[in-house]
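Q: If you scroll down you'll find the structure; I have some questions about it.
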Amino acid sequence: MNYTLENESIILTIDLKGAELKSLVRKSDHQEYMWNGDEAFWGRTSPILFPVVGRFFNDHYIHEGKTYSISQHGFARDREFTLVEKSEDAIVMRLDSEDASRAVYPFDFALEIEYKVDKSEVIVSWKVVNTGESVMYFSIGGHPGFMCPLNADEKQEEYSVKFSPAPDCLESRLLEGGYASQQMEEYVLEEGGILPLTDGIFDGDALVIEGNQAQQVSLLKPDGTEYLSVSFDAPLFGIWSPPKKHAPFVCIEPWYGRCDPVGYEGELKDREWGNFLESGAVFETSYKISIK
């Protein structure tokens with residue numbers, strides 16, 4: 001079931017399945033900013049990544065000596081959430097642990113997703129509650145895809161990405177078969193923290209930026225004007241478009257977690273960039289999408 005939020009500037013559409021943001025339209029000219037989910041390129045729009053971001057090595061992990069199998073990015077994106085409350089400008093949805101989730105992820109939890117509209121901004125909030133008795137280990141992330149280019153007569157290679165605060169360069173973790181390698185790639189940025197979206201920039205998969213190297217990522221039109229930004233305090237983020245497909249969208253992904261390194265066979269509790277909650281504890285964070 002889809003729900004809408006609306007104010008004087010924007011209209012949002014959110015699907016209860018996966019608590020997924022499906023549409024973000026500017027009312028003044030009906031401009032759509034979200035990717036449309038065309039399966040020829042990528043059949044999703046803005047999935048919630050929980051309880052893992054990326055892939056466990058060989059799609060399994062070890063917790064207290066027992067092996068569990070779980071697919072890339074976890075199961076939340078494919079589950080039906082429950083509507084908690086809705087007003088004109090906000091909606092809250094919830095996913096609770098149950099037998100099917102415990103079979104692949106042996107923790108009791110509640111996951112709440114809130115969307116709120118404020119002028120030309122969308123605030124996306126995540127709340128994870130450990131409702132069980134043992135320590136809970138998890139990752140969570142966003143994966144929103146945005147139209148890039150905006151117009152059919154333009155090319156993505158004419159667009160750019162801007163990072164703020166503006167560094168001179170960024171280091172990206174290289175991926176190997178969907179897993180984190182030991183190699184890094186350095187991107188020297190243009191003045192103002194700008195990285196052109198050159199042809200082939202995503203051929204090696206996502207850019208994986210670790211260690212709080214930026215707190216805002218913006219998309220720029222061919223004339224250099226900013227048309228959308230994503231702001232966050234996440235320690236990692238990804239920038240992705242399907243490799244070698246020339247897909248007309250770019251994902252800007254705030255992450256609290258990351259895929260396993262190549263060959264990782266350690267315990268869940270020891271994963272790089274992982275998070276944990278004691279019994280009854282709560283993790284809360286948010287990120288913001290702003291359009292121009």
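Chain labels A, B, ... are given in the sequence in which chains occur in the structure tokens; within each chain residues are numbered consecutively from 1, and ligands are likewise numbered from 1 in the order shown.
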Give me, as a tab-separated table, the closest atom pair and its distance (Å, one decimal) for every residue of range 29-105 of chain A within a cut-off of 12 Å of range 212-228 of chain A, counting only C-alpha atoms, rows sorted by chain and rising number.
A:
```
residue	atom	partner	partner_atom	distance
A:Gln31	CA	A:Tyr227	CA	11.0
A:Glu32	CA	A:Leu228	CA	11.4
A:Tyr33	CA	A:Leu228	CA	8.2
A:Met34	CA	A:Leu228	CA	10.5
```
Q: From the DSSP assignment of the backbone, select every residue of range 99-249 of chain A that is helix (DSSP H, G or I), and format the answer as a PyMOL selection string.
A: chain A and resi 99-104+156-158
Q: Generate a file of the selected residues that holds N, CA and C atoms, formatted as a PDB file, in the first residue's frame.
A:
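Ended up saving to result_32.pdb:
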```pdb
ATOM      1  N   ASP A  99       9.328 -15.053  13.435  1.00  0.00           N
ATOM      2  CA  ASP A  99      10.005 -16.338  13.261  1.00  0.00           C
ATOM      3  C   ASP A  99      10.861 -16.376  11.996  1.00  0.00           C
ATOM      4  N   ALA A 100      10.338 -15.829  10.898  1.00  0.00           N
ATOM      5  CA  ALA A 100      11.092 -15.869   9.644  1.00  0.00           C
ATOM      6  C   ALA A 100      12.376 -15.047   9.737  1.00  0.00           C
ATOM      7  N   SER A 101      12.330 -13.905  10.404  1.00  0.00           N
ATOM      8  CA  SER A 101      13.544 -13.095  10.537  1.00  0.00           C
ATOM      9  C   SER A 101      14.537 -13.767  11.484  1.00  0.00           C
ATOM     10  N   ARG A 102      14.035 -14.381  12.565  1.00  0.00           N
ATOM     11  CA  ARG A 102      14.941 -15.026  13.525  1.00  0.00           C
ATOM     12  C   ARG A 102      15.673 -16.213  12.912  1.00  0.00           C
ATOM     13  N   ALA A 103      15.100 -16.813  11.885  1.00  0.00           N
ATOM     14  CA  ALA A 103      15.752 -17.947  11.240  1.00  0.00           C
ATOM     15  C   ALA A 103      17.059 -17.537  10.562  1.00  0.00           C
ATOM     16  N   VAL A 104      17.153 -16.280  10.124  1.00  0.00           N
ATOM     17  CA  VAL A 104      18.369 -15.804   9.457  1.00  0.00           C
ATOM     18  C   VAL A 104      19.108 -14.743  10.267  1.00  0.00           C
ATOM     19  N   GLN A 156      24.574  11.575 -18.395  1.00  0.00           N
ATOM     20  CA  GLN A 156      25.065  11.592 -17.023  1.00  0.00           C
ATOM     21  C   GLN A 156      26.478  12.149 -16.948  1.00  0.00           C
ATOM     22  N   GLU A 157      27.279  11.908 -17.996  1.00  0.00           N
ATOM     23  CA  GLU A 157      28.663  12.368 -17.999  1.00  0.00           C
ATOM     24  C   GLU A 157      28.772  13.894 -18.010  1.00  0.00           C
ATOM     25  N   GLU A 158      27.664  14.585 -18.251  1.00  0.00           N
ATOM     26  CA  GLU A 158      27.653  16.045 -18.195  1.00  0.00           C
ATOM     27  C   GLU A 158      27.403  16.560 -16.780  1.00  0.00           C
TER      28      GLU A 158
END
```
Q: Sorted by chain and rising residue number, list the residues of range 62-163 of chain A at most 12 Å from range 237-246 of chain A (counting only C-alpha atoms), each with its closest atom pair and distance in Å to one decimal, as CSV.
A:
```
residue,atom,partner,partner_atom,distance
A:Ile140,CA,A:Phe237,CA,11.3
A:Gly141,CA,A:Phe237,CA,8.6
A:Gly142,CA,A:Phe237,CA,9.0
A:His143,CA,A:Gly238,CA,8.4
A:Pro144,CA,A:Trp240,CA,9.9
A:Gly145,CA,A:Ser241,CA,8.4
A:Phe146,CA,A:Ser241,CA,9.9
A:Met147,CA,A:Ser241,CA,10.7
A:Cys148,CA,A:Ser241,CA,9.7
A:Pro149,CA,A:His246,CA,10.6
A:Lys155,CA,A:His246,CA,9.0
A:Gln156,CA,A:His246,CA,7.8
A:Glu157,CA,A:His246,CA,9.4
A:Ser160,CA,A:Ile239,CA,12.0
A:Val161,CA,A:Ile239,CA,9.5
A:Lys162,CA,A:Ile239,CA,11.6
A:Phe163,CA,A:Ile239,CA,11.4
```
Q: Convert the current residue selection to file output with N, CA and C atoms, as an mmCIF file, in the first residue's frame.
A:
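Resulting contents of selection_9.cif:
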```cif
data_model
loop_
_atom_site.group_PDB
_atom_site.id
_atom_site.type_symbol
_atom_site.label_atom_id
_atom_site.label_comp_id
_atom_site.auth_asym_id
_atom_site.auth_seq_id
_atom_site.Cartn_x
_atom_site.Cartn_y
_atom_site.Cartn_z
ATOM 1 N N ILE A 140 22.833 -0.614 9.283
ATOM 2 C CA ILE A 140 21.669 -0.016 8.637
ATOM 3 C C ILE A 140 22.157 1.038 7.651
ATOM 4 N N GLY A 141 21.433 1.168 6.547
ATOM 5 C CA GLY A 141 21.832 2.147 5.544
ATOM 6 C C GLY A 141 20.690 2.512 4.619
ATOM 7 N N GLY A 142 20.874 3.607 3.916
ATOM 8 C CA GLY A 142 19.933 4.036 2.882
ATOM 9 C C GLY A 142 20.519 3.787 1.507
ATOM 10 N N HIS A 143 19.626 3.721 0.514
ATOM 11 C CA HIS A 143 20.055 3.421 -0.858
ATOM 12 C C HIS A 143 19.180 4.192 -1.851
ATOM 13 N N PRO A 144 18.927 5.502 -1.607
ATOM 14 C CA PRO A 144 18.031 6.244 -2.504
ATOM 15 C C PRO A 144 18.678 6.532 -3.854
ATOM 16 N N GLY A 145 17.908 6.285 -4.920
ATOM 17 C CA GLY A 145 18.369 6.549 -6.277
ATOM 18 C C GLY A 145 17.703 7.790 -6.842
ATOM 19 N N PHE A 146 18.493 8.682 -7.429
ATOM 20 C CA PHE A 146 17.997 9.963 -7.923
ATOM 21 C C PHE A 146 18.249 10.102 -9.423
ATOM 22 N N MET A 147 17.292 10.706 -10.106
ATOM 23 C CA MET A 147 17.415 10.904 -11.542
ATOM 24 C C MET A 147 18.672 11.708 -11.864
ATOM 25 N N CYS A 148 19.474 11.173 -12.769
ATOM 26 C CA CYS A 148 20.711 11.818 -13.184
ATOM 27 C C CYS A 148 21.146 11.178 -14.502
ATOM 28 N N PRO A 149 20.847 11.813 -15.619
ATOM 29 C CA PRO A 149 20.398 13.193 -15.774
ATOM 30 C C PRO A 149 18.905 13.378 -15.494
ATOM 31 N N LYS A 155 23.250 13.796 -20.871
ATOM 32 C CA LYS A 155 24.009 12.602 -20.511
ATOM 33 C C LYS A 155 24.495 12.724 -19.079
ATOM 34 N N GLN A 156 24.574 11.575 -18.395
ATOM 35 C CA GLN A 156 25.065 11.592 -17.023
ATOM 36 C C GLN A 156 26.478 12.149 -16.948
ATOM 37 N N GLU A 157 27.279 11.908 -17.996
ATOM 38 C CA GLU A 157 28.663 12.368 -17.999
ATOM 39 C C GLU A 157 28.772 13.894 -18.010
ATOM 40 N N SER A 160 27.849 16.345 -12.347
ATOM 41 C CA SER A 160 28.929 16.237 -11.373
ATOM 42 C C SER A 160 28.348 15.971 -9.993
ATOM 43 N N VAL A 161 29.226 15.555 -9.092
ATOM 44 C CA VAL A 161 28.894 15.377 -7.683
ATOM 45 C C VAL A 161 29.753 16.335 -6.870
ATOM 46 N N LYS A 162 29.127 16.956 -5.877
ATOM 47 C CA LYS A 162 29.836 17.894 -5.009
ATOM 48 C C LYS A 162 29.825 17.374 -3.582
ATOM 49 N N PHE A 163 30.976 17.435 -2.906
ATOM 50 C CA PHE A 163 31.115 16.963 -1.539
ATOM 51 C C PHE A 163 31.344 18.151 -0.606
#
```
Q: Step one, run DSSP on the backbone; step two, keep only residues of range 61-289 of chain A assigned to strand (DSSP E); then write them as a ChimeraX atom specification.
A: /A:61-63,66-69,82-86,90-96,109-118,121-130,136-138,140-142,145-147,160-164,169-176,179-188,194-196,207-210,216-220,226-232,236-240,249-256,275-277,282-289
Q: I want to know what sits within 8 Å of Val52 in chain A, based on only C-alpha atoms, with residues of the same chain fewer than 6 positions away left out; could you give that as a short mmCIF file (atom, residue, chain, number, x, y, z; two decimals) with C-alpha atoms, in the first residue's frame?
A:
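The file below, out_29.cif, is the result:
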```
data_model
loop_
_atom_site.label_atom_id
_atom_site.label_comp_id
_atom_site.auth_asym_id
_atom_site.auth_seq_id
_atom_site.Cartn_x
_atom_site.Cartn_y
_atom_site.Cartn_z
CA GLN A 72 22.81 -8.85 0.29
CA HIS A 73 21.47 -5.80 2.17
CA GLY A 74 19.29 -7.93 4.43
CA PHE A 138 23.43 -4.80 13.14
CA SER A 139 24.10 -2.41 10.29
CA ILE A 140 21.67 -0.02 8.64
CA GLY A 257 27.97 -0.46 8.17
CA ARG A 258 29.64 -1.97 5.12
CA CYS A 259 30.16 -5.22 3.24
#
```
Q: Need the shell around range 260-272 of chain A: protein/DNA/RNA residues with any atom at most 10 Å away, counting only C-alpha atoms. Skip same-chain ones fewer than 3 positions apart. Format as number ranges by chain?
A: A: 52-67, 135-139, 175-182, 257, 275-276
Q: Measuring between only C-alpha atoms, which one of A:Ser279, A:Gln183, A:Ser125, A:Ser229 shows the shortest distance to Ile91 in chain A?
A: A:Ser125
Q: Tell me, as a VMD selection string, which residues lie within 9 Å of Val84 in chain A, counting only C-alpha atoms; anything in the same chain fewer than 5 positions away does not count.
A: chain A and resid 91 to 94 112
Q: Suppose you want the space between CA of Trp273 in chain A and CA of Asp233 in chain A; what is it in Å?
A: 14.1 Å
Q: Considering only C-alpha atoms, can you say which of A:Glu133, A:Asp38, A:Glu210, A:Glu154 comes closest to Leu277 in chain A?
A: A:Glu133
Q: So how many Å separate CA of Glu39 in chain A and CA of Gly204 in chain A, to one decimal?
A: 20.5 Å
Q: Taking only C-alpha atoms into account, which of A:Glu8, A:Asp15, A:Asp29, A:Glu278 comes nearest Tyr115 in chain A?
A: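 Between A:Glu8, A:Asp15, A:Asp29, A:Glu278, the residue approaching Tyr115 in chain A most closely is A:Asp15.
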Q: With only C-alpha atoms as the atoms that count, which of A:Glu80, A:Glu253, A:Asp96, A:Asp89 lies nearest to Glu121 in chain A?
A: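 Among the listed residues, A:Asp89 lies closest to Glu121 in chain A.
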Q: Identify which of the residues A:Ile209, A:Ser87, A:Gly200, A:Ser97 lies closest to Cys169 in chain A, counting only C-alpha atoms when measuring atom-to-atom distances.
A: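 Of A:Ile209, A:Ser87, A:Gly200, A:Ser97, the one nearest Cys169 in chain A, counting only C-alpha atoms, is A:Ile209.
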